[in-house]
file query20.pdb (PDB, C-alpha atoms, pLDDT in the B column)
ATOM      1  CA  MET A 713     -61.843  84.743 -30.402  1.00 36.00           C
ATOM      2  CA  ALA A 714     -60.734  86.586 -27.294  1.00 59.00           C
ATOM      3  CA  ASP A 715     -57.343  88.247 -27.565  1.00 88.00           C
ATOM      4  CA  GLU A 716     -55.182  86.165 -25.244  1.00 92.00           C
ATOM      5  CA  TRP A 717     -52.422  88.788 -25.369  1.00 95.00           C
ATOM      6  CA  THR A 718     -54.381  91.602 -23.715  1.00 96.00           C
ATOM      7  CA  PRO A 719     -53.573  90.542 -20.117  1.00 97.00           C
ATOM      8  CA  LEU A 720     -49.870  90.357 -21.018  1.00 98.00           C
ATOM      9  CA  THR A 721     -49.631  93.742 -22.708  1.00 97.00           C
ATOM     10  CA  ASP A 722     -51.757  95.361 -19.990  1.00 97.00           C
ATOM     11  CA  SER A 723     -49.512  93.937 -17.264  1.00 98.00           C
ATOM     12  CA  LEU A 724     -46.291  95.032 -18.942  1.00 97.00           C
ATOM     13  CA  ARG A 725     -47.575  98.530 -19.742  1.00 96.00           C
ATOM     14  CA  SER A 726     -48.930  98.973 -16.212  1.00 97.00           C
ATOM     15  CA  LEU A 727     -45.664  97.927 -14.566  1.00 97.00           C
ATOM     16  CA  LEU A 728     -43.503 100.189 -16.724  1.00 97.00           C
ATOM     17  CA  THR A 729     -45.671 103.291 -16.470  1.00 95.00           C
ATOM     18  CA  ALA A 730     -46.175 102.850 -12.722  1.00 96.00           C
ATOM     19  CA  ASN A 731     -42.408 102.984 -12.291  1.00 96.00           C
ATOM     20  CA  GLY A 732     -41.694 106.047 -14.386  1.00 93.00           C
ATOM     21  CA  TRP A 733     -40.768 104.418 -17.688  1.00 92.00           C
ATOM     22  CA  ALA A 734     -41.339 106.532 -20.780  1.00 86.00           C
ATOM     23  CA  GLU A 735     -40.606 106.000 -24.446  1.00 83.00           C
ATOM     24  CA  PRO A 736     -38.103 105.618 -25.978  1.00 87.00           C
ATOM     25  CA  THR A 737     -36.272 104.227 -22.919  1.00 90.00           C
ATOM     26  CA  PRO A 738     -34.786 100.847 -23.937  1.00 95.00           C
ATOM     27  CA  VAL A 739     -35.333  97.641 -21.989  1.00 97.00           C
ATOM     28  CA  ALA A 740     -33.353  94.422 -21.748  1.00 98.00           C
ATOM     29  CA  LEU A 741     -35.142  91.066 -21.622  1.00 98.00           C
ATOM     30  CA  ALA A 742     -33.779  87.903 -20.006  1.00 98.00           C
ATOM     31  CA  VAL A 743     -34.821  85.269 -22.558  1.00 98.00           C
ATOM     32  CA  SER A 744     -34.035  81.599 -22.017  1.00 96.00           C
ATOM     33  CA  GLY A 745     -36.290  80.348 -24.808  1.00 96.00           C
ATOM     34  CA  GLY A 746     -38.850  78.915 -22.395  1.00 96.00           C
ATOM     35  CA  ALA A 747     -42.545  79.704 -22.660  1.00 97.00           C
ATOM     36  CA  ASP A 748     -42.551  82.528 -20.114  1.00 97.00           C
ATOM     37  CA  SER A 749     -39.604  84.406 -21.601  1.00 97.00           C
ATOM     38  CA  MET A 750     -40.884  83.945 -25.161  1.00 98.00           C
ATOM     39  CA  ALA A 751     -44.236  85.372 -24.068  1.00 98.00           C
ATOM     40  CA  LEU A 752     -42.360  88.335 -22.593  1.00 98.00           C
ATOM     41  CA  LEU A 753     -40.381  88.853 -25.806  1.00 98.00           C
ATOM     42  CA  LEU A 754     -43.465  88.832 -28.025  1.00 97.00           C
ATOM     43  CA  THR A 755     -45.339  91.122 -25.633  1.00 97.00           C
ATOM     44  CA  ALA A 756     -42.520  93.691 -25.571  1.00 97.00           C
ATOM     45  CA  CYS A 757     -42.264  93.604 -29.355  1.00 96.00           C
ATOM     46  CA  ALA A 758     -46.034  93.962 -29.761  1.00 95.00           C
ATOM     47  CA  MET A 759     -45.703  97.173 -27.730  1.00 95.00           C
ATOM     48  CA  GLU A 760     -42.864  98.259 -30.036  1.00 95.00           C
ATOM     49  CA  LEU A 761     -40.395  98.694 -27.179  1.00 96.00           C
ATOM     50  CA  ASP A 762     -36.690  99.189 -27.844  1.00 96.00           C
ATOM     51  CA  VAL A 763     -35.592  95.660 -26.867  1.00 97.00           C
ATOM     52  CA  THR A 764     -32.245  93.962 -26.324  1.00 98.00           C
ATOM     53  CA  VAL A 765     -32.467  90.209 -25.788  1.00 98.00           C
ATOM     54  CA  LEU A 766     -30.017  88.784 -23.245  1.00 98.00           C
ATOM     55  CA  HIS A 767     -29.448  85.035 -23.254  1.00 97.00           C
ATOM     56  CA  VAL A 768     -27.185  82.967 -20.989  1.00 95.00           C
ATOM     57  CA  ASP A 769     -25.979  79.580 -22.213  1.00 92.00           C
ATOM     58  CA  HIS A 770     -25.042  77.810 -18.975  1.00 87.00           C
ATOM     59  CA  GLY A 771     -23.495  74.892 -20.851  1.00 84.00           C
ATOM     60  CA  LEU A 772     -25.079  72.381 -18.476  1.00 81.00           C
ATOM     61  CA  ARG A 773     -27.240  70.488 -20.986  1.00 84.00           C
ATOM     62  CA  PRO A 774     -26.449  69.019 -24.416  1.00 86.00           C
ATOM     63  CA  GLU A 775     -29.297  71.034 -25.952  1.00 90.00           C
ATOM     64  CA  SER A 776     -28.212  74.398 -24.572  1.00 89.00           C
ATOM     65  CA  GLY A 777     -26.604  75.334 -27.882  1.00 91.00           C
ATOM     66  CA  ALA A 778     -29.878  74.654 -29.691  1.00 94.00           C
ATOM     67  CA  ASP A 779     -31.684  76.829 -27.142  1.00 95.00           C
ATOM     68  CA  ARG A 780     -29.202  79.633 -27.825  1.00 96.00           C
ATOM     69  CA  ASP A 781     -29.720  79.366 -31.580  1.00 97.00           C
ATOM     70  CA  PHE A 782     -33.504  79.342 -31.135  1.00 97.00           C
ATOM     71  CA  VAL A 783     -33.470  82.555 -29.084  1.00 97.00           C
ATOM     72  CA  GLU A 784     -31.066  84.268 -31.470  1.00 97.00           C
ATOM     73  CA  ARG A 785     -33.272  83.455 -34.477  1.00 97.00           C
ATOM     74  CA  ALA A 786     -36.366  84.677 -32.644  1.00 97.00           C
ATOM     75  CA  ALA A 787     -34.640  87.951 -31.761  1.00 97.00           C
ATOM     76  CA  GLN A 788     -33.490  88.441 -35.337  1.00 97.00           C
ATOM     77  CA  ASP A 789     -36.954  87.673 -36.733  1.00 96.00           C
ATOM     78  CA  LEU A 790     -38.442  90.295 -34.427  1.00 96.00           C
ATOM     79  CA  GLY A 791     -35.760  92.882 -35.186  1.00 96.00           C
ATOM     80  CA  CYS A 792     -34.266  92.883 -31.679  1.00 97.00           C
ATOM     81  CA  ALA A 793     -30.643  93.236 -30.654  1.00 97.00           C
ATOM     82  CA  PHE A 794     -29.236  89.978 -29.258  1.00 98.00           C
ATOM     83  CA  GLN A 795     -26.404  89.339 -26.819  1.00 97.00           C
ATOM     84  CA  VAL A 796     -25.282  86.002 -25.398  1.00 97.00           C
ATOM     85  CA  HIS A 797     -23.073  84.923 -22.529  1.00 94.00           C
ATOM     86  CA  LEU A 798     -21.413  81.493 -22.588  1.00 91.00           C
ATOM     87  CA  ALA A 799     -20.871  80.265 -19.035  1.00 86.00           C
ATOM     88  CA  HIS A 800     -17.996  77.866 -18.414  1.00 82.00           C
ATOM     89  CA  GLY A 801     -17.264  75.498 -15.547  1.00 81.00           C
ATOM     90  CA  LEU A 802     -20.429  76.130 -13.536  1.00 79.00           C
ATOM     91  CA  ALA A 803     -20.510  72.634 -12.038  1.00 77.00           C
ATOM     92  CA  ALA A 804     -16.895  72.935 -10.866  1.00 79.00           C
ATOM     93  CA  LYS A 805     -17.573  76.431  -9.510  1.00 80.00           C
ATOM     94  CA  ALA A 806     -20.610  75.223  -7.576  1.00 74.00           C
ATOM     95  CA  GLU A 807     -18.607  72.390  -6.027  1.00 77.00           C
ATOM     96  CA  ARG A 808     -15.677  74.661  -5.192  1.00 82.00           C
ATOM     97  CA  THR A 809     -17.821  77.317  -3.508  1.00 78.00           C
ATOM     98  CA  GLY A 810     -20.288  74.958  -1.855  1.00 77.00           C
ATOM     99  CA  GLN A 811     -23.198  76.505  -3.756  1.00 76.00           C
ATOM    100  CA  GLY A 812     -25.932  74.467  -5.309  1.00 79.00           C
ATOM    101  CA  LEU A 813     -25.796  74.303  -9.094  1.00 79.00           C
ATOM    102  CA  GLU A 814     -28.951  76.402  -9.457  1.00 82.00           C
ATOM    103  CA  ALA A 815     -27.513  79.081  -7.163  1.00 82.00           C
ATOM    104  CA  ALA A 816     -24.238  79.120  -9.107  1.00 84.00           C
ATOM    105  CA  ALA A 817     -26.120  79.461 -12.407  1.00 86.00           C
ATOM    106  CA  ARG A 818     -28.213  82.331 -11.042  1.00 88.00           C
ATOM    107  CA  ALA A 819     -25.100  84.112  -9.727  1.00 88.00           C
ATOM    108  CA  GLU A 820     -23.462  83.734 -13.144  1.00 89.00           C
ATOM    109  CA  ARG A 821     -26.512  85.154 -14.927  1.00 93.00           C
ATOM    110  CA  TYR A 822     -26.890  88.180 -12.728  1.00 93.00           C
ATOM    111  CA  SER A 823     -23.186  88.952 -12.721  1.00 92.00           C
ATOM    112  CA  TRP A 824     -23.421  89.236 -16.511  1.00 95.00           C
ATOM    113  CA  PHE A 825     -26.703  91.152 -16.365  1.00 96.00           C
ATOM    114  CA  ASP A 826     -25.008  93.668 -14.041  1.00 94.00           C
ATOM    115  CA  LYS A 827     -22.511  94.427 -16.785  1.00 94.00           C
ATOM    116  CA  LYS A 828     -24.948  94.460 -19.674  1.00 95.00           C
ATOM    117  CA  VAL A 829     -27.886  96.368 -18.200  1.00 96.00           C
ATOM    118  CA  GLY A 830     -25.872  98.918 -16.272  1.00 90.00           C
ATOM    119  CA  ALA A 831     -26.824 101.540 -13.718  1.00 91.00           C
ATOM    120  CA  GLY A 832     -30.280 102.976 -14.247  1.00 92.00           C
ATOM    121  CA  GLY A 833     -31.252 100.400 -16.875  1.00 96.00           C
ATOM    122  CA  ILE A 834     -34.239  98.065 -16.944  1.00 97.00           C
ATOM    123  CA  LEU A 835     -34.160  94.262 -17.103  1.00 98.00           C
ATOM    124  CA  LEU A 836     -37.451  92.400 -17.550  1.00 98.00           C
ATOM    125  CA  THR A 837     -38.015  88.722 -16.772  1.00 98.00           C
ATOM    126  CA  GLY A 838     -40.930  86.406 -17.516  1.00 97.00           C
ATOM    127  CA  HIS A 839     -41.546  85.107 -13.983  1.00 97.00           C
ATOM    128  CA  HIS A 840     -45.236  84.405 -13.462  1.00 97.00           C
ATOM    129  CA  ALA A 841     -47.713  83.573 -10.686  1.00 94.00           C
ATOM    130  CA  ASP A 842     -46.830  79.864 -10.660  1.00 94.00           C
ATOM    131  CA  ASP A 843     -43.157  80.767 -10.131  1.00 95.00           C
ATOM    132  CA  GLN A 844     -44.182  83.121  -7.341  1.00 93.00           C
ATOM    133  CA  ARG A 845     -46.026  80.546  -5.282  1.00 92.00           C
ATOM    134  CA  GLU A 846     -43.161  78.065  -5.700  1.00 94.00           C
ATOM    135  CA  THR A 847     -40.791  80.746  -4.415  1.00 93.00           C
ATOM    136  CA  GLN A 848     -43.018  81.510  -1.439  1.00 91.00           C
ATOM    137  CA  LEU A 849     -43.231  77.823  -0.544  1.00 92.00           C
ATOM    138  CA  LEU A 850     -39.457  77.512  -0.804  1.00 91.00           C
ATOM    139  CA  HIS A 851     -39.037  80.344   1.690  1.00 88.00           C
ATOM    140  CA  LEU A 852     -41.499  78.730   4.098  1.00 88.00           C
ATOM    141  CA  ILE A 853     -39.836  75.321   3.865  1.00 88.00           C
ATOM    142  CA  ARG A 854     -36.372  76.766   4.375  1.00 87.00           C
ATOM    143  CA  GLY A 855     -37.448  78.822   7.373  1.00 83.00           C
ATOM    144  CA  THR A 856     -36.488  82.202   5.935  1.00 80.00           C
ATOM    145  CA  ARG A 857     -37.491  85.493   7.544  1.00 80.00           C
ATOM    146  CA  PRO A 858     -41.221  86.234   7.329  1.00 75.00           C
ATOM    147  CA  ASP A 859     -40.701  89.299   5.104  1.00 76.00           C
ATOM    148  CA  ALA A 860     -39.307  86.932   2.444  1.00 80.00           C
ATOM    149  CA  TRP A 861     -42.659  85.144   2.276  1.00 80.00           C
ATOM    150  CA  ARG A 862     -43.884  87.796  -0.153  1.00 83.00           C
ATOM    151  CA  GLY A 863     -41.650  86.142  -2.758  1.00 88.00           C
ATOM    152  CA  MET A 864     -40.385  88.053  -5.770  1.00 92.00           C
ATOM    153  CA  GLU A 865     -41.026  91.759  -6.161  1.00 92.00           C
ATOM    154  CA  ALA A 866     -42.586  93.094  -9.339  1.00 95.00           C
ATOM    155  CA  TRP A 867     -40.035  95.944  -9.395  1.00 97.00           C
ATOM    156  CA  ASN A 868     -36.693  95.969  -7.609  1.00 95.00           C
ATOM    157  CA  THR A 869     -33.756  98.381  -7.948  1.00 95.00           C
ATOM    158  CA  GLU A 870     -31.351  96.939  -5.371  1.00 93.00           C
ATOM    159  CA  ARG A 871     -28.721  95.988  -7.982  1.00 94.00           C
ATOM    160  CA  GLY A 872     -28.450  99.545  -9.295  1.00 94.00           C
ATOM    161  CA  PHE A 873     -30.782  98.835 -12.191  1.00 95.00           C
ATOM    162  CA  ALA A 874     -34.461  97.909 -12.236  1.00 97.00           C
ATOM    163  CA  ILE A 875     -35.559  94.279 -12.445  1.00 97.00           C
ATOM    164  CA  GLY A 876     -39.172  94.149 -13.585  1.00 98.00           C
ATOM    165  CA  ARG A 877     -41.417  91.092 -13.451  1.00 98.00           C
ATOM    166  CA  PRO A 878     -44.650  92.107 -15.192  1.00 98.00           C
ATOM    167  CA  PHE A 879     -46.314  88.674 -15.189  1.00 98.00           C
ATOM    168  CA  LEU A 880     -46.326  87.868 -11.451  1.00 95.00           C
ATOM    169  CA  ASP A 881     -50.137  88.105 -11.363  1.00 94.00           C
ATOM    170  CA  LEU A 882     -50.582  85.941 -14.479  1.00 97.00           C
ATOM    171  CA  THR A 883     -50.528  82.148 -14.485  1.00 95.00           C
ATOM    172  CA  ARG A 884     -48.355  80.040 -16.748  1.00 96.00           C
ATOM    173  CA  GLU A 885     -51.568  78.842 -18.406  1.00 96.00           C
ATOM    174  CA  THR A 886     -52.352  82.439 -19.389  1.00 97.00           C
ATOM    175  CA  LEU A 887     -48.935  82.785 -21.035  1.00 98.00           C
ATOM    176  CA  LEU A 888     -49.304  79.450 -22.828  1.00 97.00           C
ATOM    177  CA  ASN A 889     -52.743  80.405 -24.165  1.00 97.00           C
ATOM    178  CA  ALA A 890     -51.238  83.560 -25.669  1.00 97.00           C
ATOM    179  CA  LEU A 891     -48.390  81.629 -27.291  1.00 97.00           C
ATOM    180  CA  HIS A 892     -50.790  79.037 -28.692  1.00 96.00           C
ATOM    181  CA  GLN A 893     -52.968  81.774 -30.182  1.00 95.00           C
ATOM    182  CA  LYS A 894     -50.002  83.129 -32.111  1.00 94.00           C
ATOM    183  CA  GLY A 895     -48.558  79.687 -32.923  1.00 95.00           C
ATOM    184  CA  GLN A 896     -45.291  80.645 -31.233  1.00 96.00           C
ATOM    185  CA  ALA A 897     -42.924  77.811 -30.323  1.00 96.00           C
ATOM    186  CA  TRP A 898     -40.711  77.702 -27.253  1.00 97.00           C
ATOM    187  CA  ARG A 899     -38.025  75.467 -25.768  1.00 95.00           C
ATOM    188  CA  GLU A 900     -38.616  73.075 -22.867  1.00 90.00           C
ATOM    189  CA  ASP A 901     -35.836  72.606 -20.312  1.00 86.00           C
ATOM    190  CA  ALA A 902     -35.856  68.970 -19.195  1.00 83.00           C
ATOM    191  CA  SER A 903     -33.909  69.877 -16.055  1.00 80.00           C
ATOM    192  CA  ASN A 904     -37.065  71.584 -14.753  1.00 82.00           C
ATOM    193  CA  LEU A 905     -38.412  68.088 -14.045  1.00 81.00           C
ATOM    194  CA  ASP A 906     -35.293  66.763 -12.304  1.00 82.00           C
ATOM    195  CA  PRO A 907     -36.396  65.736  -8.776  1.00 86.00           C
ATOM    196  CA  LYS A 908     -32.960  66.394  -7.296  1.00 81.00           C
ATOM    197  CA  HIS A 909     -33.855  70.102  -7.243  1.00 84.00           C
ATOM    198  CA  LEU A 910     -36.224  71.079  -4.423  1.00 88.00           C
ATOM    199  CA  ARG A 911     -38.080  73.656  -6.538  1.00 90.00           C
ATOM    200  CA  ASN A 912     -38.902  70.972  -9.083  1.00 90.00           C
ATOM    201  CA  ARG A 913     -40.375  68.690  -6.415  1.00 94.00           C
ATOM    202  CA  ILE A 914     -42.445  71.592  -5.118  1.00 93.00           C
ATOM    203  CA  ARG A 915     -43.678  72.272  -8.670  1.00 93.00           C
ATOM    204  CA  CYS A 916     -44.360  68.666  -9.655  1.00 92.00           C
ATOM    205  CA  GLU A 917     -45.429  67.102  -6.336  1.00 95.00           C
ATOM    206  CA  LEU A 918     -46.300  69.586  -3.593  1.00 94.00           C
ATOM    207  CA  VAL A 919     -48.232  72.201  -5.589  1.00 94.00           C
ATOM    208  CA  PRO A 920     -50.536  69.653  -7.310  1.00 94.00           C
ATOM    209  CA  LEU A 921     -51.198  68.039  -3.913  1.00 95.00           C
ATOM    210  CA  LEU A 922     -52.101  71.391  -2.345  1.00 94.00           C
ATOM    211  CA  ASP A 923     -54.300  72.247  -5.336  1.00 93.00           C
ATOM    212  CA  ALA A 924     -56.158  68.964  -4.838  1.00 95.00           C
ATOM    213  CA  LEU A 925     -56.432  69.242  -1.049  1.00 94.00           C
ATOM    214  CA  ARG A 926     -57.471  72.890  -0.898  1.00 93.00           C
ATOM    215  CA  PRO A 927     -58.144  74.734  -4.162  1.00 92.00           C
ATOM    216  CA  GLY A 928     -57.236  78.401  -3.811  1.00 89.00           C
ATOM    217  CA  TRP A 929     -54.763  77.722  -0.999  1.00 90.00           C
ATOM    218  CA  ASP A 930     -52.344  80.271  -2.464  1.00 87.00           C
ATOM    219  CA  VAL A 931     -54.743  83.093  -1.541  1.00 88.00           C
ATOM    220  CA  GLY A 932     -53.945  82.302   2.079  1.00 86.00           C
ATOM    221  CA  LEU A 933     -50.250  82.270   1.250  1.00 84.00           C
ATOM    222  CA  HIS A 934     -50.463  85.763  -0.237  1.00 83.00           C
ATOM    223  CA  ARG A 935     -52.399  86.946   2.821  1.00 87.00           C
ATOM    224  CA  ALA A 936     -49.688  85.553   5.118  1.00 82.00           C
ATOM    225  CA  ALA A 937     -47.076  87.403   3.072  1.00 80.00           C
ATOM    226  CA  ARG A 938     -48.946  90.710   3.439  1.00 82.00           C
ATOM    227  CA  LEU A 939     -49.316  90.178   7.189  1.00 84.00           C
ATOM    228  CA  ALA A 940     -45.613  89.398   7.499  1.00 77.00           C
ATOM    229  CA  MET A 941     -44.751  92.689   5.806  1.00 75.00           C
ATOM    230  CA  GLU A 942     -47.107  94.583   8.135  1.00 81.00           C
ATOM    231  CA  TRP A 943     -45.583  92.936  11.210  1.00 76.00           C
ATOM    232  CA  ARG A 944     -42.118  93.807   9.955  1.00 69.00           C
TER
END
call {"tool": "encode", "arguments": {"input": "query20.pdb", "output": "structure tokens"}}
result
Amino acid sequence: MADEWTPLTDSLRSLLTANGWAEPTPVALAVSGGADSMALLLTACAMELDVTVLHVDHGLRPESGADRDFVERAAQDLGCAFQVHLAHGLAAKAERTGQGLEAAARAERYSWFDKKVGAGGILLTGHHADDQRETQLLHLIRGTRPDAWRGMEAWNTERGFAIGRPFLDLTRETLLNALHQKGQAWREDASNLDPKHLRNRIRCELVPLLDALRPGWDVGLHRAARLAMEWR
């Protein structure tokens, strides 16, 4: 049987070494309990990195407590440090500030990450290629500046610490195959299917339609992103 984990470990090692990481520099992982973040956690542990698991319980779903417990047990089983942030009143905050709920949740997460990772630290996330093309489509639909069409960066230090996304060239299917090979469970977030969020409609309706109409369409999207950066 082919080792489904090789693309994951290769991608993580390549990203870290390309950006000056060297052992035993610790890394923090943003772990929600979903498939992508669990794949990231197991990959980092397979490489024997010094890992701290960071989990945010947004308190927006009845099962969020069970998600928190799942991630904490996984971290303990793998011998990783675990820290959790309990968010309160996100819905009220979003309404008060005029933000969408997703934007308010993201702001809450990264405000806590700022404190926990600290200047010069490294935070890794499990964003993958499917997330990337959704993000690029969101930027196009919203009419953002062309340089934003590139989507998420694999390595960004704008917050004073590095945010690394090693799986941006790997599909969600690749991550799932690795998890299935190891028999590793994960948590599904039902809100990811809620059609009131534009990203979810892009994921569940627009992307499958584009895949059916023109397989490989995202190659053109990536090319447009590169051209936009050159023009800039």
call {"tool": "residues_near_point", "arguments": {"input": "query20.pdb", "point": "(-24.3, 82.7, -10.2)", "cutoff": "12 Å", "atoms": "all atoms listed in the file", "output": "ChimeraX atom specification"}}
result
/A:768,770,799-803,805-806,809,811-826
call {"tool": "write_last_selection", "arguments": {"input": "query20.pdb", "atoms": "C-alpha atoms", "output": "short mmCIF file (atom, residue, chain, number, x, y, z; two decimals), in the frame of the given file"}}
result
data_model
loop_
_atom_site.label_atom_id
_atom_site.label_comp_id
_atom_site.auth_asym_id
_atom_site.auth_seq_id
_atom_site.Cartn_x
_atom_site.Cartn_y
_atom_site.Cartn_z
CA VAL A 768 -27.18 82.97 -20.99
CA HIS A 770 -25.04 77.81 -18.98
CA ALA A 799 -20.87 80.26 -19.04
CA HIS A 800 -18.00 77.87 -18.41
CA GLY A 801 -17.26 75.50 -15.55
CA LEU A 802 -20.43 76.13 -13.54
CA ALA A 803 -20.51 72.63 -12.04
CA LYS A 805 -17.57 76.43 -9.51
CA ALA A 806 -20.61 75.22 -7.58
CA THR A 809 -17.82 77.32 -3.51
CA GLN A 811 -23.20 76.50 -3.76
CA GLY A 812 -25.93 74.47 -5.31
CA LEU A 813 -25.80 74.30 -9.09
CA GLU A 814 -28.95 76.40 -9.46
CA ALA A 815 -27.51 79.08 -7.16
CA ALA A 816 -24.24 79.12 -9.11
CA ALA A 817 -26.12 79.46 -12.41
CA ARG A 818 -28.21 82.33 -11.04
CA ALA A 819 -25.10 84.11 -9.73
CA GLU A 820 -23.46 83.73 -13.14
CA ARG A 821 -26.51 85.15 -14.93
CA TYR A 822 -26.89 88.18 -12.73
CA SER A 823 -23.19 88.95 -12.72
CA TRP A 824 -23.42 89.24 -16.51
CA PHE A 825 -26.70 91.15 -16.36
CA ASP A 826 -25.01 93.67 -14.04
#
call {"tool": "resolve_selection", "arguments": {"input": "query20.pdb", "expression": "the PyMOL selection byres ((chain A and resi 913-924) around 10)", "output": "PyMOL selection string"}}
result
chain A and resi 842-843+845-847+849-850+904-912+925-930
call {"tool": "write_last_selection", "arguments": {"input": "query20.pdb", "atoms": "C-alpha atoms", "output": "PDB file, in the coordinates of the input"}}
result
ATOM      1  CA  ASP A 842     -46.830  79.864 -10.660  1.00 94.00           C
ATOM      2  CA  ASP A 843     -43.157  80.767 -10.131  1.00 95.00           C
ATOM      3  CA  ARG A 845     -46.026  80.546  -5.282  1.00 92.00           C
ATOM      4  CA  GLU A 846     -43.161  78.065  -5.700  1.00 94.00           C
ATOM      5  CA  THR A 847     -40.791  80.746  -4.415  1.00 93.00           C
ATOM      6  CA  LEU A 849     -43.231  77.823  -0.544  1.00 92.00           C
ATOM      7  CA  LEU A 850     -39.457  77.512  -0.804  1.00 91.00           C
ATOM      8  CA  ASN A 904     -37.065  71.584 -14.753  1.00 82.00           C
ATOM      9  CA  LEU A 905     -38.412  68.088 -14.045  1.00 81.00           C
ATOM     10  CA  ASP A 906     -35.293  66.763 -12.304  1.00 82.00           C
ATOM     11  CA  PRO A 907     -36.396  65.736  -8.776  1.00 86.00           C
ATOM     12  CA  LYS A 908     -32.960  66.394  -7.296  1.00 81.00           C
ATOM     13  CA  HIS A 909     -33.855  70.102  -7.243  1.00 84.00           C
ATOM     14  CA  LEU A 910     -36.224  71.079  -4.423  1.00 88.00           C
ATOM     15  CA  ARG A 911     -38.080  73.656  -6.538  1.00 90.00           C
ATOM     16  CA  ASN A 912     -38.902  70.972  -9.083  1.00 90.00           C
ATOM     17  CA  LEU A 925     -56.432  69.242  -1.049  1.00 94.00           C
ATOM     18  CA  ARG A 926     -57.471  72.890  -0.898  1.00 93.00           C
ATOM     19  CA  PRO A 927     -58.144  74.734  -4.162  1.00 92.00           C
ATOM     20  CA  GLY A 928     -57.236  78.401  -3.811  1.00 89.00           C
ATOM     21  CA  TRP A 929     -54.763  77.722  -0.999  1.00 90.00           C
ATOM     22  CA  ASP A 930     -52.344  80.271  -2.464  1.00 87.00           C
TER      23      ASP A 930
END
call {"tool": "resolve_selection", "arguments": {"input": "query20.pdb", "expression": "the PyMOL selection byres ((chain A and resi 784-788) around 10)", "output": "PyMOL selection string"}}
result
chain A and resi 743+745+750+753-754+757+763-767+778-783+789-796+896-898
call {"tool": "atom_distance", "arguments": {"input": "query20.pdb", "atom1": "atom CA of Glu760 of chain A", "atom2": "atom CA of Gln844 of chain A"}}
result
27.3 Å
call {"tool": "closest_residue", "arguments": {"input": "query20.pdb", "among": "A:Pro738, A:Gly746, A:Pro774, A:Pro719", "to": "Leu761 of chain A", "atoms": "only C-alpha atoms"}}
result
A:Pro738
call {"tool": "closest_residue", "arguments": {"input": "query20.pdb", "among": "A:His839, A:Lys827, A:Arg899, A:Arg773", "to": "Arg871 of chain A", "atoms": "all atoms listed in the file"}}
result
A:Lys827
call {"tool": "residues_around", "arguments": {"input": "query20.pdb", "residues": "Phe873 of chain A", "least_positions_apart": "4", "cutoff": "9 Å", "atoms": "all atoms listed in the file", "output": "ChimeraX atom specification"}}
result
/A:826,829-835,868-869
call {"tool": "write_last_selection", "arguments": {"input": "query20.pdb", "atoms": "C-alpha atoms", "output": "short mmCIF file (atom, residue, chain, number, x, y, z; two decimals), in the coordinates of the input"}}
result
data_model
loop_
_atom_site.label_atom_id
_atom_site.label_comp_id
_atom_site.auth_asym_id
_atom_site.auth_seq_id
_atom_site.Cartn_x
_atom_site.Cartn_y
_atom_site.Cartn_z
CA ASP A 826 -25.01 93.67 -14.04
CA VAL A 829 -27.89 96.37 -18.20
CA GLY A 830 -25.87 98.92 -16.27
CA ALA A 831 -26.82 101.54 -13.72
CA GLY A 832 -30.28 102.98 -14.25
CA GLY A 833 -31.25 100.40 -16.88
CA ILE A 834 -34.24 98.06 -16.94
CA LEU A 835 -34.16 94.26 -17.10
CA ASN A 868 -36.69 95.97 -7.61
CA THR A 869 -33.76 98.38 -7.95
#
call {"tool": "atom_distance", "arguments": {"input": "query20.pdb", "atom1": "atom CA of Thr883 of chain A", "atom2": "atom CA of His840 of chain A"}}
result
5.8 Å
call {"tool": "axis_aligned_box", "arguments": {"input": "query20.pdb", "around": "segment 833-843 of chain A", "padding_each_side": "8 Å", "output": "AutoDock Vina command-line options"}}
result
--center_x -39.5 --center_y 90.1 --center_z -13.8 --size_x 32.5 --size_y 36.5 --size_z 23.4
call {"tool": "closest_residue", "arguments": {"input": "query20.pdb", "among": "A:Leu939, A:Ala742, A:Leu752, A:Leu720", "to": "Ala860 of chain A", "atoms": "only C-alpha atoms"}}
result
A:Leu939
call {"tool": "closest_residue", "arguments": {"input": "query20.pdb", "among": "A:Glu942, A:Ala937, A:Phe879, A:Leu836", "to": "His851 of chain A", "atoms": "all atoms listed in the file"}}
result
A:Ala937
call {"tool": "atom_distance", "arguments": {"input": "query20.pdb", "atom1": "atom CA of Ser726 of chain A", "atom2": "atom CA of Asp748 of chain A"}}
result
18.1 Å
call {"tool": "resolve_selection", "arguments": {"input": "query20.pdb", "expression": "the PyMOL selection byres ((chain A and resi 723) around 12)", "output": "PyMOL selection string"}}
result
chain A and resi 717-722+724-730+752+755-756+759+838+840+866+876-882+887
